[in-house]
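Engineer: Please find input-v7.tsv (TSV, N, CA and C atoms and all ligand atoms) on the next line:
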```tsv
chain	number	residue	atom	x	y	z
A	5	MET	N	-47.63	-61.92	31.06
A	5	MET	CA	-48.06	-61.42	29.75
A	5	MET	C	-47.86	-59.90	29.63
A	6	LEU	N	-48.11	-59.16	30.71
A	6	LEU	CA	-48.10	-57.69	30.63
A	6	LEU	C	-46.71	-57.16	30.99
A	7	GLU	N	-46.09	-56.48	30.06
A	7	GLU	CA	-44.71	-56.02	30.26
A	7	GLU	C	-44.63	-54.68	30.97
A	8	ARG	N	-45.49	-53.77	30.57
A	8	ARG	CA	-45.51	-52.44	31.19
A	8	ARG	C	-46.76	-51.72	30.72
A	9	ILE	N	-47.04	-50.57	31.30
A	9	ILE	CA	-48.14	-49.75	30.80
A	9	ILE	C	-47.61	-48.95	29.61
A	10	SER	N	-48.19	-49.21	28.44
A	10	SER	CA	-47.80	-48.47	27.24
A	10	SER	C	-48.35	-47.05	27.32
A	11	HIS	N	-49.67	-46.96	27.51
A	11	HIS	CA	-50.27	-45.63	27.58
A	11	HIS	C	-51.64	-45.68	28.24
A	12	LEU	N	-52.11	-44.51	28.64
A	12	LEU	CA	-53.49	-44.32	29.09
A	12	LEU	C	-54.19	-43.49	28.03
A	13	GLY	N	-55.39	-43.88	27.64
A	13	GLY	CA	-56.13	-43.16	26.62
A	13	GLY	C	-57.19	-42.27	27.25
A	14	TYR	N	-57.19	-40.99	26.84
A	14	TYR	CA	-58.20	-40.04	27.32
A	14	TYR	C	-59.09	-39.64	26.15
A	15	ALA	N	-60.39	-39.73	26.34
A	15	ALA	CA	-61.34	-39.29	25.31
A	15	ALA	C	-61.57	-37.79	25.48
A	16	VAL	N	-61.38	-37.04	24.39
A	16	VAL	CA	-61.57	-35.58	24.42
A	16	VAL	C	-62.42	-35.16	23.22
A	17	THR	N	-63.09	-34.03	23.35
A	17	THR	CA	-63.94	-33.56	22.25
A	17	THR	C	-63.15	-32.68	21.28
A	18	ASP	N	-62.04	-32.09	21.74
A	18	ASP	CA	-61.23	-31.20	20.89
A	18	ASP	C	-59.76	-31.51	21.14
A	19	ILE	N	-59.18	-32.31	20.27
A	19	ILE	CA	-57.82	-32.81	20.51
A	19	ILE	C	-56.79	-31.68	20.44
A	20	GLU	N	-57.02	-30.68	19.58
A	20	GLU	CA	-56.05	-29.58	19.48
A	20	GLU	C	-56.06	-28.75	20.76
A	21	ALA	N	-57.26	-28.50	21.30
A	21	ALA	CA	-57.36	-27.76	22.55
A	21	ALA	C	-56.74	-28.55	23.70
A	22	ALA	N	-56.98	-29.86	23.71
A	22	ALA	CA	-56.42	-30.70	24.78
A	22	ALA	C	-54.89	-30.73	24.68
A	23	ALA	N	-54.38	-30.89	23.45
A	23	ALA	CA	-52.92	-30.93	23.25
A	23	ALA	C	-52.31	-29.59	23.68
A	24	ALA	N	-52.98	-28.49	23.32
A	24	ALA	CA	-52.47	-27.16	23.68
A	24	ALA	C	-52.45	-26.99	25.20
A	25	PHE	N	-53.48	-27.51	25.86
A	25	PHE	CA	-53.53	-27.43	27.32
A	25	PHE	C	-52.35	-28.17	27.94
A	26	TYR	N	-52.12	-29.40	27.50
A	26	TYR	CA	-51.02	-30.19	28.08
A	26	TYR	C	-49.67	-29.54	27.79
A	27	ARG	N	-49.55	-28.95	26.58
A	27	ARG	CA	-48.31	-28.29	26.18
A	27	ARG	C	-48.06	-27.08	27.09
A	28	THR	N	-49.08	-26.26	27.24
A	28	THR	CA	-48.93	-25.01	27.99
A	28	THR	C	-48.84	-25.25	29.49
A	29	SER	N	-49.68	-26.14	29.99
A	29	SER	CA	-49.77	-26.31	31.44
A	29	SER	C	-48.70	-27.24	31.99
A	30	PHE	N	-48.38	-28.29	31.25
A	30	PHE	CA	-47.47	-29.31	31.78
A	30	PHE	C	-46.15	-29.39	31.03
A	31	GLY	N	-46.01	-28.59	29.97
A	31	GLY	CA	-44.73	-28.56	29.26
A	31	GLY	C	-44.38	-29.83	28.52
A	32	VAL	N	-45.39	-30.59	28.12
A	32	VAL	CA	-45.13	-31.80	27.32
A	32	VAL	C	-45.34	-31.46	25.85
A	33	GLU	N	-44.94	-32.34	24.98
A	33	GLU	CA	-44.97	-32.03	23.55
A	33	GLU	C	-45.74	-33.12	22.76
A	34	PRO	N	-47.07	-33.02	22.74
A	34	PRO	CA	-47.83	-33.99	21.93
A	34	PRO	C	-47.46	-33.86	20.46
A	35	GLY	N	-47.41	-34.98	19.75
A	35	GLY	CA	-47.11	-34.95	18.31
A	35	GLY	C	-48.33	-34.48	17.53
A	36	GLU	N	-48.17	-34.44	16.22
A	36	GLU	CA	-49.29	-34.13	15.32
A	36	GLU	C	-50.40	-35.15	15.55
A	37	SER	N	-51.64	-34.68	15.57
A	37	SER	CA	-52.72	-35.66	15.68
A	37	SER	C	-52.90	-36.34	14.33
A	38	GLU	N	-53.17	-37.63	14.39
A	38	GLU	CA	-53.30	-38.41	13.15
A	38	GLU	C	-54.61	-39.18	13.17
A	39	PRO	N	-55.23	-39.30	12.00
A	39	PRO	CA	-56.49	-40.04	11.93
A	39	PRO	C	-56.26	-41.55	11.96
A	40	VAL	N	-57.14	-42.24	12.66
A	40	VAL	CA	-57.21	-43.70	12.55
A	40	VAL	C	-58.63	-43.98	12.05
A	41	GLU	N	-58.73	-44.07	10.70
A	41	GLU	CA	-60.04	-44.13	10.03
A	41	GLU	C	-60.93	-45.22	10.59
A	42	GLU	N	-60.35	-46.40	10.73
A	42	GLU	CA	-61.10	-47.59	11.12
A	42	GLU	C	-61.81	-47.38	12.47
A	43	GLN	N	-61.16	-46.64	13.37
A	43	GLN	CA	-61.75	-46.42	14.69
A	43	GLN	C	-62.53	-45.11	14.78
A	44	GLY	N	-62.48	-44.31	13.70
A	44	GLY	CA	-63.20	-43.04	13.72
A	44	GLY	C	-62.64	-42.07	14.73
A	45	ILE	N	-61.30	-41.97	14.78
A	45	ILE	CA	-60.67	-41.09	15.77
A	45	ILE	C	-59.52	-40.30	15.16
A	46	LEU	N	-59.19	-39.21	15.85
A	46	LEU	CA	-57.88	-38.56	15.73
A	46	LEU	C	-57.16	-38.89	17.02
A	47	ALA	N	-55.86	-39.14	16.93
A	47	ALA	CA	-55.10	-39.50	18.13
A	47	ALA	C	-53.74	-38.82	18.13
A	48	THR	N	-53.27	-38.49	19.32
A	48	THR	CA	-51.90	-38.02	19.48
A	48	THR	C	-51.40	-38.51	20.83
A	49	MET	N	-50.10	-38.52	20.99
A	49	MET	CA	-49.51	-39.03	22.23
A	49	MET	C	-48.43	-38.11	22.73
A	50	PHE	N	-48.22	-38.14	24.04
A	50	PHE	CA	-47.00	-37.56	24.60
A	50	PHE	C	-46.49	-38.47	25.69
A	51	ARG	N	-45.17	-38.45	25.81
A	51	ARG	CA	-44.47	-39.35	26.71
A	51	ARG	C	-44.47	-38.80	28.13
A	52	VAL	N	-44.69	-39.68	29.10
A	52	VAL	CA	-44.51	-39.34	30.52
A	52	VAL	C	-43.70	-40.49	31.12
A	53	GLY	N	-42.42	-40.26	31.37
A	53	GLY	CA	-41.57	-41.34	31.88
A	53	GLY	C	-41.54	-42.48	30.88
A	54	GLU	N	-41.81	-43.68	31.37
A	54	GLU	CA	-41.72	-44.83	30.45
A	54	GLU	C	-43.06	-45.15	29.79
A	55	SER	N	-44.08	-44.35	30.09
A	55	SER	CA	-45.39	-44.55	29.49
A	55	SER	C	-45.81	-43.30	28.74
A	56	SER	N	-46.99	-43.34	28.15
A	56	SER	CA	-47.49	-42.19	27.40
A	56	SER	C	-48.95	-41.94	27.74
A	57	ILE	N	-49.39	-40.75	27.39
A	57	ILE	CA	-50.81	-40.41	27.41
A	57	ILE	C	-51.24	-40.28	25.95
A	58	GLU	N	-52.35	-40.92	25.61
A	58	GLU	CA	-52.91	-40.84	24.27
A	58	GLU	C	-54.20	-40.02	24.35
A	59	LEU	N	-54.26	-38.95	23.58
A	59	LEU	CA	-55.49	-38.16	23.48
A	59	LEU	C	-56.24	-38.65	22.25
A	60	VAL	N	-57.53	-38.90	22.44
A	60	VAL	CA	-58.34	-39.49	21.37
A	60	VAL	C	-59.60	-38.66	21.20
A	61	GLN	N	-59.79	-38.16	19.98
A	61	GLN	CA	-61.00	-37.39	19.66
A	61	GLN	C	-61.80	-38.13	18.60
A	62	PRO	N	-63.11	-38.33	18.83
A	62	PRO	CA	-63.90	-38.99	17.80
A	62	PRO	C	-64.03	-38.10	16.56
A	63	THR	N	-64.04	-38.71	15.37
A	63	THR	CA	-64.28	-37.95	14.15
A	63	THR	C	-65.70	-38.15	13.66
A	64	ARG	N	-66.44	-39.07	14.28
A	64	ARG	CA	-67.86	-39.20	14.00
A	64	ARG	C	-68.57	-39.65	15.28
A	65	PRO	N	-69.81	-39.16	15.46
A	65	PRO	CA	-70.50	-39.44	16.72
A	65	PRO	C	-70.84	-40.91	16.93
A	66	ASP	N	-70.92	-41.69	15.82
A	66	ASP	CA	-71.28	-43.11	15.97
A	66	ASP	C	-70.05	-44.01	16.13
A	67	SER	N	-68.85	-43.41	16.22
A	67	SER	CA	-67.65	-44.22	16.48
A	67	SER	C	-67.67	-44.64	17.95
A	68	PRO	N	-66.93	-45.69	18.31
A	68	PRO	CA	-66.92	-46.11	19.72
A	68	PRO	C	-66.56	-44.99	20.70
A	69	VAL	N	-65.57	-44.17	20.35
A	69	VAL	CA	-65.19	-43.09	21.26
A	69	VAL	C	-66.27	-42.00	21.29
A	70	GLY	N	-66.92	-41.77	20.12
A	70	GLY	CA	-68.02	-40.81	20.08
A	70	GLY	C	-69.15	-41.24	21.00
A	71	LYS	N	-69.49	-42.52	20.94
A	71	LYS	CA	-70.55	-43.04	21.82
A	71	LYS	C	-70.13	-42.99	23.28
A	72	PHE	N	-68.86	-43.26	23.54
A	72	PHE	CA	-68.34	-43.20	24.90
A	72	PHE	C	-68.54	-41.80	25.48
A	73	ILE	N	-68.16	-40.76	24.71
A	73	ILE	CA	-68.28	-39.38	25.20
A	73	ILE	C	-69.74	-39.01	25.38
A	74	ALA	N	-70.60	-39.47	24.46
A	74	ALA	CA	-72.03	-39.16	24.59
A	74	ALA	C	-72.60	-39.76	25.88
A	75	ARG	N	-72.11	-40.94	26.23
A	75	ARG	CA	-72.63	-41.65	27.40
A	75	ARG	C	-72.00	-41.15	28.69
A	76	ARG	N	-70.70	-40.92	28.68
A	76	ARG	CA	-69.98	-40.68	29.95
A	76	ARG	C	-69.22	-39.38	30.01
A	77	GLY	N	-69.17	-38.66	28.88
A	77	GLY	CA	-68.41	-37.41	28.87
A	77	GLY	C	-66.94	-37.66	28.62
A	78	GLN	N	-66.15	-36.59	28.57
A	78	GLN	CA	-64.72	-36.70	28.36
A	78	GLN	C	-64.08	-37.37	29.57
A	79	GLY	N	-62.91	-37.94	29.35
A	79	GLY	CA	-62.17	-38.47	30.49
A	79	GLY	C	-61.44	-39.74	30.16
A	80	PHE	N	-61.05	-40.45	31.23
A	80	PHE	CA	-60.29	-41.68	31.07
A	80	PHE	C	-61.07	-42.67	30.21
A	81	HIS	N	-60.40	-43.23	29.19
A	81	HIS	CA	-61.07	-44.11	28.23
A	81	HIS	C	-60.51	-45.53	28.23
A	82	HIS	N	-59.19	-45.68	28.21
A	82	HIS	CA	-58.62	-47.03	28.20
A	82	HIS	C	-57.19	-47.05	28.73
A	83	VAL	N	-56.80	-48.23	29.18
A	83	VAL	CA	-55.40	-48.47	29.54
A	83	VAL	C	-54.83	-49.42	28.49
A	84	ALA	N	-53.58	-49.19	28.12
A	84	ALA	CA	-52.93	-50.07	27.14
A	84	ALA	C	-51.69	-50.69	27.78
A	85	PHE	N	-51.66	-52.01	27.76
A	85	PHE	CA	-50.52	-52.76	28.28
A	85	PHE	C	-49.68	-53.26	27.11
A	86	GLU	N	-48.38	-53.20	27.29
A	86	GLU	CA	-47.50	-53.74	26.26
A	86	GLU	C	-47.30	-55.24	26.48
A	87	VAL	N	-47.40	-55.99	25.40
A	87	VAL	CA	-47.13	-57.43	25.44
A	87	VAL	C	-46.06	-57.73	24.40
A	88	ARG	N	-45.36	-58.84	24.59
A	88	ARG	CA	-44.26	-59.15	23.68
A	88	ARG	C	-44.78	-59.70	22.35
A	89	ASP	N	-45.79	-60.58	22.46
A	89	ASP	CA	-46.30	-61.27	21.27
A	89	ASP	C	-47.82	-61.18	21.30
A	90	LEU	N	-48.37	-60.30	20.50
A	90	LEU	CA	-49.81	-60.01	20.58
A	90	LEU	C	-50.65	-61.23	20.19
A	91	GLU	N	-50.29	-61.91	19.09
A	91	GLU	CA	-51.05	-63.11	18.68
A	91	GLU	C	-51.09	-64.14	19.80
A	92	ALA	N	-49.93	-64.38	20.40
A	92	ALA	CA	-49.85	-65.39	21.46
A	92	ALA	C	-50.68	-64.96	22.67
A	93	SER	N	-50.65	-63.67	23.00
A	93	SER	CA	-51.42	-63.17	24.15
A	93	SER	C	-52.92	-63.32	23.89
A	94	LEU	N	-53.35	-62.99	22.66
A	94	LEU	CA	-54.78	-63.11	22.33
A	94	LEU	C	-55.20	-64.59	22.36
A	95	ALA	N	-54.33	-65.47	21.88
A	95	ALA	CA	-54.64	-66.90	21.90
A	95	ALA	C	-54.76	-67.40	23.34
A	96	GLU	N	-53.87	-66.94	24.21
A	96	GLU	CA	-53.94	-67.33	25.63
A	96	GLU	C	-55.24	-66.85	26.26
A	97	LEU	N	-55.60	-65.60	25.99
A	97	LEU	CA	-56.82	-65.05	26.57
A	97	LEU	C	-58.04	-65.81	26.07
A	98	LYS	N	-58.08	-66.09	24.75
A	98	LYS	CA	-59.19	-66.86	24.18
A	98	LYS	C	-59.28	-68.23	24.85
A	99	ALA	N	-58.15	-68.85	25.04
A	99	ALA	CA	-58.13	-70.18	25.66
A	99	ALA	C	-58.68	-70.13	27.09
A	100	ARG	N	-58.53	-68.97	27.74
A	100	ARG	CA	-59.04	-68.79	29.10
A	100	ARG	C	-60.48	-68.31	29.12
A	101	GLY	N	-61.07	-68.15	27.92
A	101	GLY	CA	-62.47	-67.77	27.83
A	101	GLY	C	-62.72	-66.28	28.03
A	102	VAL	N	-61.67	-65.46	27.86
A	102	VAL	CA	-61.82	-64.01	28.03
A	102	VAL	C	-62.41	-63.41	26.74
A	103	ASP	N	-63.43	-62.59	26.88
A	103	ASP	CA	-64.13	-61.99	25.75
A	103	ASP	C	-63.31	-60.83	25.18
A	104	LEU	N	-62.99	-60.93	23.90
A	104	LEU	CA	-62.16	-59.91	23.24
A	104	LEU	C	-63.01	-59.09	22.29
A	105	ILE	N	-62.76	-57.79	22.20
A	105	ILE	CA	-63.37	-56.98	21.15
A	105	ILE	C	-62.69	-57.31	19.82
A	106	ASP	N	-61.36	-57.42	19.86
A	106	ASP	CA	-60.58	-57.76	18.67
A	106	ASP	C	-59.93	-59.12	18.88
A	107	SER	N	-60.41	-60.11	18.15
A	107	SER	CA	-59.79	-61.43	18.31
A	107	SER	C	-58.51	-61.53	17.48
A	108	GLU	N	-58.34	-60.59	16.55
A	108	GLU	CA	-57.10	-60.54	15.76
A	108	GLU	C	-56.48	-59.16	15.95
A	109	PRO	N	-55.13	-59.06	15.86
A	109	PRO	CA	-54.48	-57.76	15.96
A	109	PRO	C	-54.96	-56.82	14.86
A	110	ARG	N	-55.06	-55.54	15.18
A	110	ARG	CA	-55.27	-54.55	14.13
A	110	ARG	C	-54.27	-53.42	14.33
A	111	ILE	N	-54.25	-52.50	13.36
A	111	ILE	CA	-53.27	-51.42	13.40
A	111	ILE	C	-53.92	-50.19	14.01
A	112	GLY	N	-53.34	-49.72	15.11
A	112	GLY	CA	-53.89	-48.55	15.81
A	112	GLY	C	-53.06	-47.31	15.56
A	113	ALA	N	-53.24	-46.32	16.42
A	113	ALA	CA	-52.50	-45.06	16.30
A	113	ALA	C	-51.00	-45.33	16.32
A	114	GLY	N	-50.28	-44.57	15.52
A	114	GLY	CA	-48.83	-44.72	15.47
A	114	GLY	C	-48.37	-45.99	14.80
A	115	GLY	N	-49.30	-46.68	14.10
A	115	GLY	CA	-48.94	-47.92	13.41
A	115	GLY	C	-48.73	-49.10	14.34
A	116	MET	N	-49.13	-48.94	15.61
A	116	MET	CA	-48.93	-50.03	16.57
A	116	MET	C	-49.92	-51.17	16.33
A	117	ARG	N	-49.45	-52.38	16.48
A	117	ARG	CA	-50.34	-53.54	16.43
A	117	ARG	C	-51.02	-53.66	17.78
A	118	MET	N	-52.35	-53.66	17.77
A	118	MET	CA	-53.09	-53.61	19.03
A	118	MET	C	-54.38	-54.41	18.93
A	119	ALA	N	-54.98	-54.67	20.10
A	119	ALA	CA	-56.29	-55.31	20.17
A	119	ALA	C	-56.93	-54.92	21.50
A	120	PHE	N	-58.26	-54.81	21.50
A	120	PHE	CA	-58.97	-54.47	22.72
A	120	PHE	C	-59.58	-55.71	23.36
A	121	VAL	N	-59.49	-55.77	24.68
A	121	VAL	CA	-60.19	-56.76	25.49
A	121	VAL	C	-61.49	-56.10	25.95
A	122	HIS	N	-62.58	-56.86	25.97
A	122	HIS	CA	-63.87	-56.26	26.31
A	122	HIS	C	-63.87	-55.72	27.76
A	123	PRO	N	-64.35	-54.47	27.94
A	123	PRO	CA	-64.31	-53.90	29.30
A	123	PRO	C	-65.12	-54.69	30.32
A	124	HIS	N	-66.14	-55.43	29.87
A	124	HIS	CA	-66.91	-56.17	30.88
A	124	HIS	C	-66.12	-57.32	31.50
A	125	GLU	N	-65.00	-57.68	30.84
A	125	GLU	CA	-64.12	-58.70	31.42
A	125	GLU	C	-63.13	-58.10	32.42
A	126	VAL	N	-62.94	-56.79	32.33
A	126	VAL	CA	-61.84	-56.16	33.07
A	126	VAL	C	-62.39	-55.10	34.02
A	127	PHE	N	-63.53	-55.46	34.64
A	127	PHE	CA	-64.10	-54.63	35.70
A	127	PHE	C	-64.39	-53.21	35.21
A	128	GLY	N	-64.87	-53.14	33.96
A	128	GLY	CA	-65.32	-51.85	33.42
A	128	GLY	C	-64.24	-51.02	32.76
A	129	VAL	N	-63.01	-51.51	32.75
A	129	VAL	CA	-61.92	-50.73	32.14
A	129	VAL	C	-61.60	-51.29	30.75
A	130	LEU	N	-61.84	-50.49	29.73
A	130	LEU	CA	-61.45	-50.90	28.38
A	130	LEU	C	-59.94	-51.11	28.37
A	131	THR	N	-59.52	-52.28	27.95
A	131	THR	CA	-58.11	-52.67	28.06
A	131	THR	C	-57.55	-53.01	26.69
A	132	GLU	N	-56.49	-52.31	26.34
A	132	GLU	CA	-55.83	-52.49	25.04
A	132	GLU	C	-54.52	-53.23	25.27
A	133	LEU	N	-54.22	-54.13	24.37
A	133	LEU	CA	-52.90	-54.77	24.36
A	133	LEU	C	-52.17	-54.25	23.14
A	134	VAL	N	-50.95	-53.79	23.31
A	134	VAL	CA	-50.14	-53.36	22.17
A	134	VAL	C	-48.87	-54.17	22.14
A	135	GLU	N	-48.42	-54.43	20.92
A	135	GLU	CA	-47.23	-55.26	20.80
A	135	GLU	C	-45.98	-54.42	20.96
A	136	SER	N	-45.08	-54.92	21.78
A	136	SER	CA	-43.80	-54.27	22.01
A	136	SER	C	-43.02	-54.21	20.71
A	137	ARG	N	-42.35	-53.09	20.48
A	137	ARG	CA	-41.46	-53.00	19.31
A	137	ARG	C	-40.03	-53.27	19.72
A	138	GLY	N	-39.85	-53.50	21.00
A	138	GLY	CA	-38.51	-53.78	21.48
A	138	GLY	C	-37.66	-52.54	21.72
A	139	THR	N	-38.15	-51.38	21.25
A	139	THR	CA	-37.36	-50.15	21.40
A	139	THR	C	-37.92	-49.27	22.50
A	140	GLY	N	-39.17	-49.53	22.88
A	140	GLY	CA	-39.79	-48.73	23.93
A	140	GLY	C	-40.01	-47.28	23.54
A	141	THR	N	-40.16	-47.03	22.24
A	141	THR	CA	-40.26	-45.64	21.83
A	141	THR	C	-41.69	-45.14	21.66
A	142	HIS	N	-42.66	-46.03	21.77
A	142	HIS	CA	-44.04	-45.53	21.60
A	142	HIS	C	-44.73	-45.34	22.93
B	201	CO	CO	-54.67	-46.61	22.94
```
Just dump the structure as structure tokens.
Ligand code: CO
Structural biologist:
Amino acid sequence: MLERISHLGYAVTDIEAAAAFYRTSFGVEPGESEPVEEQGILATMFRVGESSIELVQPTRPDSPVGKFIARRGQGFHHVAFEVRDLEASLAELKARGVDLIDSEPRIGAGGMRMAFVHPHEVFGVLTELVESRGTGTH
């Protein structure tokens, strides 16, 4: 089911400061941060080899990422695996009794079709599935 690691998500309190740090210190080029209203976040990504790092800043304290930072501070937030067919993968997981946060695909940062698997199923790691676009550009 899992094709590759799409990205790792880091929760940060100031996405512009974080992007500037990665730009200056590591010479990477994060894109413009964009809002994902539904999740209450700003997000940006930069490529590292065949995967990416996603910086995620909450836009409201009661959003899931806002609560995450309040509870655990900034840091590693989620891993995202690329799958070929998101609906089929979610159906397979449901059939296996795996608890999903999103039982249907939704649109995440960068317009990607994605869904979260509940972290309590994955040994405490919030796990995102994103649908492959076939181009490997995200
Ligand atoms: Co993500």
Engineer: Scan for residues within 7 Å of the point (-54.5, -34.2, 18.9) in the coordinates of the file, using all atoms listed in the file, and reply as a list in words.
Structural biologist: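 Collected hits near the coordinates: Asp18, Ile19, Glu20, Ala21, Ala22, Ala23, Gly35, Glu36, Ser37, Glu38, Leu46, Ala47, Thr48, Met49, Leu59, Val60 and Gln61 of chain A.
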Engineer: Nearest to Pro62 in chain A: which of A:Glu132, A:Ser10, A:Val16, A:Asp103 is it, counting only N, CA and C atoms?
Structural biologist: A:Val16
Engineer: Please identify every polymer residue within 7 Å of ligand CO 201 (chain B), using all atoms listed in the file, and present the set as number ranges by chain.
Structural biologist: A: 11-13, 58, 82-84, 113, 132
Engineer: Which residues in range 13-137 of chain A does DSSP call strand (DSSP E or B)? List them as a ChimeraX atom specification.
Structural biologist: /A:13-15,38-40,45-52,55-62,79-87,104,110-111,117-121,130-135
Engineer: Can you tell me how far CA of Phe80 in chain A sits from CA of Ile57 in chain A, in Å to one decimal?
Structural biologist: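 A separation of 10.2 Å between them.
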Engineer: Separation of atom N of Ser56 in chain A and CA of Ala119 in chain A, in Å?
Structural biologist: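 According to the coordinates, atom N of Ser56 in chain A and CA of Ala119 in chain A are separated by 17.1 Å.
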Engineer: Calculated over only C-alpha atoms, which of the candidates A:Glu42, A:Gly101, A:Gly79, A:Phe50 has the smallest distance to Arg27 in chain A?
Structural biologist: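 The shortest atom-to-atom distance to Arg27 in chain A comes from A:Phe50.
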Engineer: Give me, please, the distance in Å between CA of Val87 in chain A and atom C of Arg117 in chain A, quoted to one decimal.
Structural biologist: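 Calculated distance between CA of Val87 in chain A and atom C of Arg117 in chain A is 9.4 Å.
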Engineer: List the residues sitting within 6.5 Å of (-46.6, -35.3, 30.2) in the file's frame, using all atoms listed in the file, as a ChimeraX atom specification.
Structural biologist: /A:30-33,50-52
Engineer: Take the residues from that selection and put them in a file with N, CA and C atoms, as a PDB file, keeping the file's coordinate frame.
Structural biologist:
```pdb
ATOM      1  N   PHE A  30     -48.380 -28.290  31.250  1.00  0.00           N
ATOM      2  CA  PHE A  30     -47.470 -29.310  31.780  1.00  0.00           C
ATOM      3  C   PHE A  30     -46.150 -29.390  31.030  1.00  0.00           C
ATOM      4  N   GLY A  31     -46.010 -28.590  29.970  1.00  0.00           N
ATOM      5  CA  GLY A  31     -44.730 -28.560  29.260  1.00  0.00           C
ATOM      6  C   GLY A  31     -44.380 -29.830  28.520  1.00  0.00           C
ATOM      7  N   VAL A  32     -45.390 -30.590  28.120  1.00  0.00           N
ATOM      8  CA  VAL A  32     -45.130 -31.800  27.320  1.00  0.00           C
ATOM      9  C   VAL A  32     -45.340 -31.460  25.850  1.00  0.00           C
ATOM     10  N   GLU A  33     -44.940 -32.340  24.980  1.00  0.00           N
ATOM     11  CA  GLU A  33     -44.970 -32.030  23.550  1.00  0.00           C
ATOM     12  C   GLU A  33     -45.740 -33.120  22.760  1.00  0.00           C
ATOM     13  N   PHE A  50     -48.220 -38.140  24.040  1.00  0.00           N
ATOM     14  CA  PHE A  50     -47.000 -37.560  24.600  1.00  0.00           C
ATOM     15  C   PHE A  50     -46.490 -38.470  25.690  1.00  0.00           C
ATOM     16  N   ARG A  51     -45.170 -38.450  25.810  1.00  0.00           N
ATOM     17  CA  ARG A  51     -44.470 -39.350  26.710  1.00  0.00           C
ATOM     18  C   ARG A  51     -44.470 -38.800  28.130  1.00  0.00           C
ATOM     19  N   VAL A  52     -44.690 -39.680  29.100  1.00  0.00           N
ATOM     20  CA  VAL A  52     -44.510 -39.340  30.520  1.00  0.00           C
ATOM     21  C   VAL A  52     -43.700 -40.490  31.120  1.00  0.00           C
TER      22      VAL A  52
END
```
Engineer: Would you give me, as number ranges by chain, the residues in chain A that DSSP reads as helix (DSSP H, G or I)?
Structural biologist: A: 19-30, 41-43, 68-76, 90-99, 113-115, 123-125
Engineer: Which one of A:Glu7, A:Ile73, A:Thr63, A:Leu133 sits closest to Val121 in chain A if you count only N, CA and C atoms?
Structural biologist: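 With only N, CA and C atoms as the atom set, the closest residue is A:Leu133.
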Engineer: Box for range 42-48 of chain A - axis-aligned, 6 Å on each of the six sides, all listed atoms - centre and size in Å to one decimal, as JSON.
Structural biologist:
```
{"center_x": -57.3, "center_y": -42.8, "center_z": 15.8, "size_x": 23.8, "size_y": 21.6, "size_z": 22.1}
```
